[in-house]
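Shown next: run_30.txt, given as compact mmCIF, C-alpha atoms and all ligand atoms.
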# COMPACT_ATOMS: atom_id res chain seq x y z
CA MET Q 1 55.68 64.68 35.49
CA HIS Q 2 57.13 63.86 38.89
CA LYS Q 3 59.43 66.56 40.17
CA GLU Q 4 62.05 66.09 42.85
CA ARG Q 5 61.15 68.35 45.75
CA ILE Q 6 64.36 69.71 47.20
CA ILE Q 7 65.74 72.06 49.79
CA LEU Q 8 69.04 73.43 48.51
CA ASP Q 9 71.50 74.38 51.26
CA VAL Q 10 74.28 76.61 49.92
CA ASP Q 11 77.34 78.67 50.84
CA THR Q 12 77.34 80.65 47.59
CA GLY Q 13 80.21 80.53 46.31
CA SER Q 14 81.09 80.22 42.61
CA ASP Q 15 80.09 76.60 42.20
CA ASP Q 16 77.05 76.97 44.48
CA ALA Q 17 75.94 79.73 42.13
CA VAL Q 18 76.08 77.36 39.16
CA ALA Q 19 74.29 74.69 41.21
CA LEU Q 20 71.53 77.21 41.93
CA VAL Q 21 71.20 78.26 38.28
CA CYS Q 22 70.93 74.63 37.19
CA ALA Q 23 68.42 73.71 39.91
CA LEU Q 24 66.29 76.75 39.09
CA LEU Q 25 66.30 75.93 35.37
CA SER Q 26 65.60 72.23 35.76
CA GLU Q 27 62.01 71.21 35.06
CA ASP Q 28 62.65 68.03 37.03
CA ILE Q 29 63.23 69.92 40.27
CA ASP Q 30 60.85 71.78 42.56
CA ILE Q 31 62.80 73.98 45.00
CA LEU Q 32 60.87 74.43 48.25
CA GLY Q 33 63.41 76.94 49.49
CA VAL Q 34 67.08 77.81 49.59
CA THR Q 35 68.94 77.92 52.88
CA THR Q 36 72.29 79.62 53.34
CA VAL Q 37 75.25 78.88 55.57
CA GLY Q 38 78.65 80.42 56.21
CA GLY Q 39 81.36 78.55 54.36
CA ASN Q 40 83.07 79.63 51.17
CA VAL Q 41 82.49 83.20 52.29
CA GLU Q 42 80.72 84.72 55.28
CA LEU Q 43 77.00 84.17 55.78
CA LYS Q 44 76.05 87.72 54.78
CA ASN Q 45 77.85 87.19 51.48
CA THR Q 46 76.58 83.66 50.83
CA THR Q 47 73.06 85.00 51.38
CA ASP Q 48 73.51 88.09 49.21
CA ASN Q 49 75.14 86.05 46.47
CA THR Q 50 72.27 83.55 46.59
CA LEU Q 51 69.70 86.33 46.20
CA ARG Q 52 71.62 87.79 43.25
CA VAL Q 53 71.50 84.42 41.51
CA LEU Q 54 67.74 84.13 42.08
CA GLU Q 55 67.26 87.52 40.44
CA LEU Q 56 69.51 86.50 37.54
CA CYS Q 57 67.20 83.54 36.93
CA ASN Q 58 63.98 85.53 37.38
CA SER Q 59 63.18 83.29 40.34
CA CYS Q 60 62.36 85.95 42.91
CA ASP Q 61 59.53 83.81 44.31
CA ILE Q 62 61.84 81.13 45.72
CA PRO Q 63 62.18 81.77 49.47
CA VAL Q 64 65.65 82.14 50.99
CA TYR Q 65 66.44 81.55 54.65
CA MET Q 66 69.67 82.53 56.34
CA GLY Q 67 71.16 79.84 58.49
CA ALA Q 68 74.25 79.40 60.58
CA GLU Q 69 77.27 81.66 60.20
CA LEU Q 70 79.60 79.46 62.23
CA PRO Q 71 79.89 75.70 62.60
CA LEU Q 72 78.62 73.80 65.63
CA VAL Q 73 81.91 73.08 67.38
CA SER Q 74 85.02 73.38 65.22
CA THR Q 75 85.76 77.08 65.79
CA LEU Q 76 85.44 76.89 69.56
CA VAL Q 77 89.04 75.96 70.23
CA PRO Q 78 90.93 79.24 69.71
CA TRP Q 79 94.11 77.57 68.43
CA GLY Q 80 92.20 75.22 66.13
CA ILE Q 81 92.71 75.98 62.45
CA GLN Q 82 88.97 76.45 61.86
CA GLY Q 83 88.83 78.96 64.72
CA MET Q 84 91.71 80.93 63.21
CA THR Q 85 90.42 80.83 59.65
CA LEU Q 86 86.65 80.78 59.43
CA PRO Q 87 85.77 83.97 61.31
CA HIS Q 88 88.31 85.89 59.17
CA ARG Q 89 87.28 85.05 55.64
CA GLU Q 90 87.28 88.68 54.43
CA ILE Q 91 91.04 88.98 54.25
CA LEU Q 92 91.63 86.26 51.72
CA GLY Q 93 92.19 88.38 48.63
CA ASP Q 94 90.73 90.09 45.59
CA ASP Q 95 87.35 88.87 44.28
CA LYS Q 96 88.58 88.33 40.72
CA GLU Q 97 91.40 86.09 41.90
CA ARG Q 98 89.38 84.10 44.37
CA VAL Q 99 87.78 80.75 43.71
CA HIS Q 100 84.79 82.12 45.62
CA PRO Q 101 84.23 85.86 45.29
CA HIS Q 102 82.74 87.69 48.28
CA HIS Q 103 80.40 89.35 45.81
CA LEU Q 104 79.42 87.46 42.68
CA PRO Q 105 79.82 89.52 39.49
CA LEU Q 106 76.08 90.15 39.30
CA PRO Q 107 74.08 93.34 39.89
CA PRO Q 108 73.15 94.08 43.51
CA THR Q 109 69.63 92.95 44.34
CA THR Q 110 66.84 94.33 46.46
CA LEU Q 111 65.65 90.81 47.24
CA LYS Q 112 65.81 89.89 50.92
CA ALA Q 113 66.03 86.68 52.86
CA ASN Q 114 63.07 85.76 55.05
CA GLU Q 115 63.10 86.68 58.72
CA GLN Q 116 62.87 83.08 59.87
CA ARG Q 117 66.21 81.31 60.20
CA ALA Q 118 67.05 78.27 58.14
CA PRO Q 119 67.12 75.43 60.70
CA LEU Q 120 63.76 76.53 62.12
CA TRP Q 121 62.22 76.84 58.66
CA ILE Q 122 63.56 73.41 57.64
CA VAL Q 123 61.81 71.87 60.66
CA GLU Q 124 58.56 73.77 60.13
CA LYS Q 125 58.42 73.08 56.40
CA LEU Q 126 59.34 69.41 56.61
CA LEU Q 127 56.72 68.72 59.29
CA GLN Q 128 54.06 69.93 56.84
CA MET Q 129 55.23 67.56 54.10
CA PRO Q 130 54.29 63.93 53.39
CA ASP Q 131 56.68 61.27 54.65
CA ARG Q 132 59.80 60.68 52.56
CA SER Q 133 58.92 63.44 50.14
CA VAL Q 134 61.80 65.93 50.27
CA THR Q 135 65.40 65.57 49.13
CA ILE Q 136 67.89 67.73 50.99
CA VAL Q 137 70.83 68.90 48.90
CA PRO Q 138 73.56 70.39 51.09
CA VAL Q 139 76.43 71.74 49.02
CA GLY Q 140 78.14 73.61 51.85
CA PRO Q 141 78.85 72.90 55.52
CA GLN Q 142 75.93 70.94 56.98
CA THR Q 143 75.33 73.05 60.09
CA ASN Q 144 71.73 73.92 59.16
CA LEU Q 145 70.65 70.33 58.55
CA ALA Q 146 72.38 69.10 61.71
CA LEU Q 147 70.68 71.80 63.79
CA ALA Q 148 67.31 70.92 62.27
CA ILE Q 149 67.78 67.19 62.99
CA ARG Q 150 68.83 67.90 66.55
CA SER Q 151 65.91 70.31 67.02
CA ASP Q 152 63.18 67.89 65.97
CA ASP Q 153 63.95 64.36 64.88
CA ARG Q 154 60.41 63.95 63.52
CA ILE Q 155 61.76 65.55 60.35
CA LEU Q 156 63.82 62.44 59.62
CA LYS Q 157 60.85 60.52 58.28
CA LYS Q 158 59.90 63.44 56.02
CA ILE Q 159 63.25 63.35 54.25
CA LYS Q 160 63.44 61.09 51.21
CA ARG Q 161 67.21 61.31 51.01
CA VAL Q 162 70.21 63.58 51.32
CA VAL Q 163 72.39 64.19 48.26
CA MET Q 164 75.39 66.04 49.61
CA MET Q 165 78.50 67.47 48.04
CA GLY Q 166 81.28 66.66 50.42
CA GLY Q 167 83.75 64.16 51.74
CA SER Q 168 86.69 62.58 50.02
CA HIS Q 169 88.66 59.40 49.96
CA ASP Q 170 91.68 59.90 47.67
CA VAL Q 171 91.70 63.44 46.33
CA TYR Q 172 93.64 66.17 48.11
CA ALA Q 173 91.49 68.60 49.99
CA SER Q 174 91.40 71.52 52.44
CA THR Q 175 93.81 69.85 54.83
CA GLN Q 176 95.94 66.75 54.63
CA ALA Q 177 92.82 64.73 55.24
CA ALA Q 178 89.60 66.70 54.94
CA GLU Q 179 87.38 68.00 52.16
CA PHE Q 180 86.27 71.63 52.72
CA ASN Q 181 82.55 71.23 53.45
CA VAL Q 182 83.22 68.51 56.01
CA TRP Q 183 86.31 70.26 57.39
CA VAL Q 184 84.30 73.41 58.20
CA ASP Q 185 81.77 71.53 60.34
CA PRO Q 186 82.83 67.93 60.93
CA GLU Q 187 80.38 67.36 63.77
CA ALA Q 188 77.43 68.44 61.61
CA VAL Q 189 78.26 65.89 58.91
CA GLU Q 190 78.66 63.16 61.51
CA ILE Q 191 75.20 64.01 62.86
CA VAL Q 192 73.79 63.58 59.35
CA LEU Q 193 75.72 60.37 58.65
CA SER Q 194 74.60 58.90 61.96
CA SER Q 195 70.96 59.90 61.53
CA GLY Q 196 69.82 56.86 59.59
CA LEU Q 197 68.96 59.02 56.57
CA ASP Q 198 69.62 57.75 53.06
CA VAL Q 199 72.75 59.75 52.20
CA THR Q 200 74.47 59.97 48.82
CA MET Q 201 77.93 61.49 49.09
CA VAL Q 202 78.97 63.26 45.90
CA SER Q 203 82.59 63.24 46.95
CA LEU Q 204 85.53 65.40 45.99
CA ASP Q 205 86.84 62.34 44.19
CA ALA Q 206 83.73 62.33 41.97
CA THR Q 207 83.60 66.07 41.36
CA SER Q 208 87.31 66.21 40.56
CA ASN Q 209 86.70 63.49 38.04
CA ALA Q 210 84.07 65.58 36.21
CA TYR Q 211 86.00 68.79 35.62
CA LEU Q 212 85.14 71.29 32.90
CA ASN Q 213 87.52 73.12 30.57
CA TYR Q 214 87.89 76.43 28.68
CA GLU Q 215 86.38 74.95 25.52
CA GLN Q 216 83.24 73.92 27.38
CA ALA Q 217 83.04 77.33 29.06
CA ALA Q 218 83.19 78.90 25.59
CA GLN Q 219 80.38 76.65 24.34
CA ILE Q 220 78.22 77.75 27.25
CA ARG Q 221 79.16 81.41 26.73
CA ALA Q 222 78.13 81.13 23.07
CA ILE Q 223 74.53 80.46 24.14
CA GLY Q 224 74.60 84.17 24.81
CA THR Q 225 71.96 84.60 27.52
CA LYS Q 226 72.82 86.35 30.79
CA GLN Q 227 72.53 83.09 32.70
CA ALA Q 228 74.85 81.26 30.31
CA VAL Q 229 77.41 84.08 30.29
CA PHE Q 230 77.39 84.08 34.10
CA VAL Q 231 77.95 80.32 34.28
CA ALA Q 232 80.79 80.62 31.75
CA ASP Q 233 82.29 83.39 33.90
CA MET Q 234 82.15 81.15 36.98
CA ILE Q 235 83.78 78.21 35.19
CA GLU Q 236 86.54 80.47 33.90
CA GLN Q 237 87.01 82.09 37.30
CA ARG Q 238 87.66 78.64 38.74
CA LEU Q 239 90.00 77.79 35.88
CA ARG Q 240 91.98 80.99 36.55
CA ALA Q 241 92.23 80.40 40.29
CA SER Q 242 95.05 78.01 39.63
CA ASP Q 243 95.74 76.82 43.14
CA ASN Q 244 92.39 75.11 43.26
CA ASN Q 245 92.45 73.58 39.83
CA LEU Q 246 92.62 70.01 38.85
CA GLY Q 247 93.23 68.21 35.62
CA LYS Q 248 96.64 69.66 34.84
CA THR Q 249 98.46 68.30 31.79
CA LYS Q 250 102.21 68.93 31.63
CA GLY Q 251 101.75 71.68 34.18
CA LYS Q 252 99.09 73.39 32.07
CA ILE Q 253 95.69 73.78 33.61
CA VAL Q 254 93.08 72.09 31.47
CA GLY Q 255 90.13 71.76 33.79
CA ALA Q 256 88.38 73.00 36.90
CA ALA Q 257 85.99 71.04 39.06
CA LEU Q 258 82.53 72.49 39.64
CA HIS Q 259 81.67 70.51 42.71
CA ASP Q 260 78.20 71.67 43.73
CA PRO Q 261 76.20 71.42 40.48
CA LEU Q 262 77.26 67.79 40.21
CA ALA Q 263 75.24 67.06 43.36
CA VAL Q 264 72.19 68.74 41.81
CA CYS Q 265 72.74 66.77 38.60
CA ALA Q 266 72.92 63.56 40.63
CA VAL Q 267 69.49 64.24 42.14
CA VAL Q 268 67.80 63.97 38.75
CA HIS Q 269 70.40 62.03 36.77
CA PRO Q 270 71.90 59.47 39.17
CA GLU Q 271 73.63 57.84 36.18
CA VAL Q 272 76.12 60.72 36.21
CA LEU Q 273 77.74 59.03 39.22
CA SER Q 274 79.75 55.83 39.06
CA GLU Q 275 81.83 53.60 41.31
CA ILE Q 276 79.25 53.96 44.03
CA TRP Q 277 80.15 52.24 47.26
CA ASP Q 278 77.31 51.36 49.63
CA THR Q 279 79.39 51.56 52.72
CA SER Q 280 80.05 53.14 56.07
CA PHE Q 281 81.72 56.52 56.33
CA HIS Q 282 82.21 58.45 59.51
CA VAL Q 283 83.93 61.74 60.23
CA ASP Q 284 87.07 61.99 62.33
CA LEU Q 285 86.24 64.28 65.25
CA GLY Q 286 89.55 63.92 67.04
CA ARG Q 287 90.93 67.43 66.49
CA GLY Q 288 94.22 66.06 65.25
CA TYR Q 289 95.63 65.99 61.73
CA ALA Q 290 92.63 64.04 60.47
CA TYR Q 291 89.94 66.28 61.99
CA GLY Q 292 87.14 66.39 59.43
CA GLU Q 293 88.35 63.44 57.39
CA THR Q 294 85.63 61.16 56.06
CA VAL Q 295 86.88 57.79 57.20
CA LEU Q 296 85.88 54.70 55.27
CA GLY Q 297 84.66 51.90 57.52
CA ARG Q 298 86.95 49.11 56.42
CA ASN Q 299 86.66 45.76 58.07
CA TYR Q 300 89.92 46.28 59.97
CA THR Q 301 88.09 46.98 63.16
CA VAL Q 302 86.19 43.93 64.31
CA ILE Q 303 82.93 44.89 65.96
CA ARG Q 304 81.12 42.23 67.94
CA ASP Q 305 77.57 42.10 69.14
CA LYS Q 306 76.56 41.09 72.68
CA GLN Q 307 76.78 37.42 71.75
CA GLY Q 308 80.33 37.88 70.49
CA HIS Q 309 79.47 37.54 66.80
CA GLN Q 310 81.31 39.75 64.37
CA VAL Q 311 79.01 42.39 62.85
CA ASP Q 312 79.59 44.60 59.86
CA LEU Q 313 79.54 48.34 60.29
CA PRO Q 314 76.08 49.48 59.21
CA ILE Q 315 75.93 51.00 55.75
CA ASN Q 316 75.22 54.70 56.17
CA CYS Q 317 75.86 56.14 52.74
CA HIS Q 318 76.22 55.66 49.02
CA TYR Q 319 79.66 57.04 48.32
CA ALA Q 320 80.19 58.14 44.72
CA LYS Q 321 83.82 58.00 43.72
CA LYS Q 322 83.58 58.87 40.03
CA ALA Q 323 81.38 60.89 37.73
CA ASP Q 324 80.90 61.25 33.99
CA SER Q 325 81.99 64.71 32.87
CA LYS Q 326 80.21 64.36 29.50
CA VAL Q 327 76.82 63.61 31.08
CA PHE Q 328 77.45 66.44 33.56
CA PHE Q 329 78.39 69.00 30.92
CA HIS Q 330 75.54 68.13 28.54
CA TRP Q 331 73.01 68.34 31.36
CA MET Q 332 74.27 71.82 32.25
CA TYR Q 333 74.51 72.91 28.61
CA ASP Q 334 70.99 71.75 27.75
CA LEU Q 335 69.53 73.53 30.78
CA LEU Q 336 71.24 76.78 29.80
CA LEU Q 337 70.19 76.38 26.18
CA LYS Q 338 66.58 76.62 27.38
CA THR Q 339 67.23 80.20 28.55
CA LYS Q 340 67.27 81.18 24.87
CA GLU Q 341 63.64 80.19 24.42
CA CA Y 401 79.47 75.09 48.28

Can the structure in the file be given as structure tokens, please?
Amino acid sequence: MHKERIILDVDTGSDDAVALVCALLSEDIDILGVTTVGGNVELKNTTDNTLRVLELCNSCDIPVYMGAELPLVSTLVPWGIQGMTLPHREILGDDKERVHPHHLPLPPTTLKANEQRAPLWIVEKLLQMPDRSVTIVPVGPQTNLALAIRSDDRILKKIKRVVMMGGSHDVYASTQAAEFNVWVDPEAVEIVLSSGLDVTMVSLDATSNAYLNYEQAAQIRAIGTKQAVFVADMIEQRLRASDNNLGKTKGKIVGAALHDPLAVCAVVHPEVLSEIWDTSFHVDLGRGYAYGETVLGRNYTVIRDKQGHQVDLPINCHYAKKADSKVFFHWMYDLLLKTKE
């Protein structure tokens, strides 16, 4: 059976951890390697957390490569909010209360990341691969992919497509305008969106639309394996971290979005996504209130070619606005059920 060859780029992270578990369990996916980036927590933690998840899934043979700790540009202005926040992620509170614990509640591991750094490995690995054969799945800031593209643009023809978790159109996000993964490294995402690659954006709108609840967490927990119990723990941790929860009914929290595994699901089950706009999105790089916003290319701005004819903005992504939470949950549940075998 044809497997999707992927490189999973993570900032693990509670939902990255679930994305990893699902990707490792899926028989439809062949993971060439996992690359880590600073984001939800610092790079040393995202890497350690990633290795712990690999051990949980008995997948110690999957190579892990550490990537970029800091974004390309956004922290360079000392008074910029990214510059004040991102280098100081350790002070943000107790692990049990956080949406993203510094240390996942898994045993420490002796597994180590490879010596080679992620952007260099991405270039080296992709150049060995057939054309259009690898899907890149970034579910954190896209610094590693942007650095790889800028290092050697011959990799572009090796990439089949990018299925990213990030961007938003309507749903509230890290700032008044920006979704977290794009907000951390806006320039990196713009490099990817401008690269000509086939990009599917699994947006915050879509992931927020496919939230999971306590009942579903209990169903997963009842499977009883260590992987299922861990995933249930992560869902419940996100449900408890109330300030990041969605799906409130009469003020009561009924659901929590698990953003990153939805992107993995979309790689092998594209039908989980709906309201897909083939359109033009670009990232605001202006360092004002909208810095890091994914801006929809409406036809308000008239662009003319050299002959004066109006031209449409080129389509640069498939933007998924909605997702089916039932398809998403059953995919995850069925994968975890296999851990009983
Ligand atoms: Ca993430």

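With distances restricted to all atoms listed in the file, Q:Asp334 is the closest residue to Gln219 of chain Q from Q:Asp305, Q:Asp334, Q:Asp278, Q:Glu90.
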
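Here atom CA of Lys322 of chain Q stands at a distance of 15.2 Å from atom CA of Ala256 of chain Q.
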
Might you pull out every residue within 10 Å of segment 104-109 of chain Q, with only C-alpha atoms counted and same-chain residues fewer than 5 positions away left off, and present them as a PyMOL selection string? chain Q and resi 12-14+17+45-46+48-56+95-96+226+230+233-234

Go through chain Q residue by residue and, counting all atoms listed in the file, keep those with an atom at most 7 Å from ligand CA 401 (chain Y); for each kept residue give the shortest atom pair and its distance in Å to one decimal, ordered by chain and increasing number, as a Markdown table.
| residue | atom | partner | partner_atom | distance |
| --- | --- | --- | --- | --- |
| Q:Val10 | CA | Y:CA401 | CA | 5.7 |
| Q:Asp11 | CA | Y:CA401 | CA | 4.9 |
| Q:Thr12 | CA | Y:CA401 | CA | 6.0 |
| Q:Gly13 | CA | Y:CA401 | CA | 5.8 |
| Q:Asp15 | CA | Y:CA401 | CA | 6.3 |
| Q:Asp16 | CA | Y:CA401 | CA | 4.9 |
| Q:Asn40 | CA | Y:CA401 | CA | 6.5 |
| Q:Val139 | CA | Y:CA401 | CA | 4.6 |
| Q:Gly140 | CA | Y:CA401 | CA | 4.1 |
| Q:Asp260 | CA | Y:CA401 | CA | 5.8 |

How about saving the chosen residues, C-alpha atoms kept, as a JSON list (two decimals), keeping the file's coordinate frame?
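Output file part_6.json is given in full below:
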[["chain", "number", "residue", "atom", "x", "y", "z"],
["Q", 10, "VAL", "CA", 74.28, 76.61, 49.92],
["Q", 11, "ASP", "CA", 77.34, 78.67, 50.84],
["Q", 12, "THR", "CA", 77.34, 80.65, 47.59],
["Q", 13, "GLY", "CA", 80.21, 80.53, 46.31],
["Q", 15, "ASP", "CA", 80.09, 76.60, 42.20],
["Q", 16, "ASP", "CA", 77.05, 76.97, 44.48],
["Q", 40, "ASN", "CA", 83.07, 79.63, 51.17],
["Q", 139, "VAL", "CA", 76.43, 71.74, 49.02],
["Q", 140, "GLY", "CA", 78.14, 73.61, 51.85],
["Q", 260, "ASP", "CA", 78.20, 71.67, 43.73]]

For Val189 of chain Q, find every residue with an atom within 9 Å (counting all atoms listed in the file), except residues of its own chain fewer than 3 positions away, and show them as a PyMOL selection string. chain Q and resi 141-143+145-146+181-182+185-186+192-194+282-283+292

Next, write the just-selected residues to a file, as a JSON list (two decimals), in the coordinates of the input, keeping C-alpha atoms as the atom set.
[["chain", "number", "residue", "atom", "x", "y", "z"],
["Q", 141, "PRO", "CA", 78.85, 72.90, 55.52],
["Q", 142, "GLN", "CA", 75.93, 70.94, 56.98],
["Q", 143, "THR", "CA", 75.33, 73.05, 60.09],
["Q", 145, "LEU", "CA", 70.65, 70.33, 58.55],
["Q", 146, "ALA", "CA", 72.38, 69.10, 61.71],
["Q", 181, "ASN", "CA", 82.55, 71.23, 53.45],
["Q", 182, "VAL", "CA", 83.22, 68.51, 56.01],
["Q", 185, "ASP", "CA", 81.77, 71.53, 60.34],
["Q", 186, "PRO", "CA", 82.83, 67.93, 60.93],
["Q", 192, "VAL", "CA", 73.79, 63.58, 59.35],
["Q", 193, "LEU", "CA", 75.72, 60.37, 58.65],
["Q", 194, "SER", "CA", 74.60, 58.90, 61.96],
["Q", 282, "HIS", "CA", 82.21, 58.45, 59.51],
["Q", 283, "VAL", "CA", 83.93, 61.74, 60.23],
["Q", 292, "GLY", "CA", 87.14, 66.39, 59.43]]

Please determine the residues with any atom at most 6 Å from (70.9, 60.8, 52.8) (coordinates as given in the file, with only C-alpha atoms counting) and report them as a PyMOL selection string. chain Q and resi 161-163+197-200

Can you measure atom CA of Arg240 of chain Q to atom CA of Val254 of chain Q for me? One decimal in Å is fine. 10.3 Å

Q:Gly224, Q:Gly83, Q:Pro261, Q:Gly308 ranked by distance to Leu336 of chain Q, top pick (using all atoms listed in the file): Q:Gly224

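Around Asp30 of chain Q, within 9 Å and counting only C-alpha atoms, the residues found are Lys3, Glu4, Arg5, Ile6, Ile7, Ala23 and Leu24 of chain Q, once anything fewer than 6 positions away on its own chain is removed.
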
The residues within 12 Å of (87.7, 76.6, 29.3), using all atoms listed in the file and the coordinates of the file, should be reported as number ranges by chain; which are they? Q: 211-221, 231-240, 245, 247, 253-257

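You can rank Q:Val272, Q:Ala323, Q:Leu337, Q:Leu8 by their closest distance to Ile223 of chain Q using only C-alpha atoms, and at the top of that list sits Q:Leu337.
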
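When all atoms listed in the file are used to compute distances to Gly167 of chain Q, the closest of the residues Q:His2, Q:His100, Q:His259, Q:Lys306 turns out to be Q:His259.
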
Among the residues Q:Pro130, Q:Thr135, Q:Trp183, Q:Gly196, the one that comes closest to Asp153 of chain Q [using all atoms listed in the file]: Q:Gly196

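Closest to Ile29 of chain Q among Q:Cys265, Q:Ala148, Q:Gln310, Q:Val73 is Q:Cys265, based on only C-alpha atoms.
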
Long-range neighbours of Val295 of chain Q as a PyMOL selection string, 10 Å cut-off, all atoms listed in the file, 6 positions minimum in chain: chain Q and resi 167-169+177-178+280-284

Might you pull out every residue within 6 Å of Arg132 of chain Q, with all atoms listed in the file counted and same-chain residues fewer than 2 positions away left off, and present them as a PDB file with C-alpha atoms, in the coordinates of the input?
ATOM      1  CA  LYS Q 157      60.850  60.520  58.280  1.00  0.00           C
ATOM      2  CA  LYS Q 158      59.900  63.440  56.020  1.00  0.00           C
ATOM      3  CA  ILE Q 159      63.250  63.350  54.250  1.00  0.00           C
ATOM      4  CA  LYS Q 160      63.440  61.090  51.210  1.00  0.00           C
TER       5      LYS Q 160
END

What separation in Å, quoted to one decimal, exists between atom CA of Leu111 of chain Q and atom CA of Val267 of chain Q? 27.3 Å

Draw an axis-aligned box over all listed atoms of segment 266-272 of chain Q, pad each side with 6 Å, and write its centre and edge lengths in Å, one decimal, as lines of an AutoDock Vina configuration file.
center_x = 72.0
center_y = 61.0
center_z = 39.2
size_x = 20.3
size_y = 18.4
size_z = 18.0
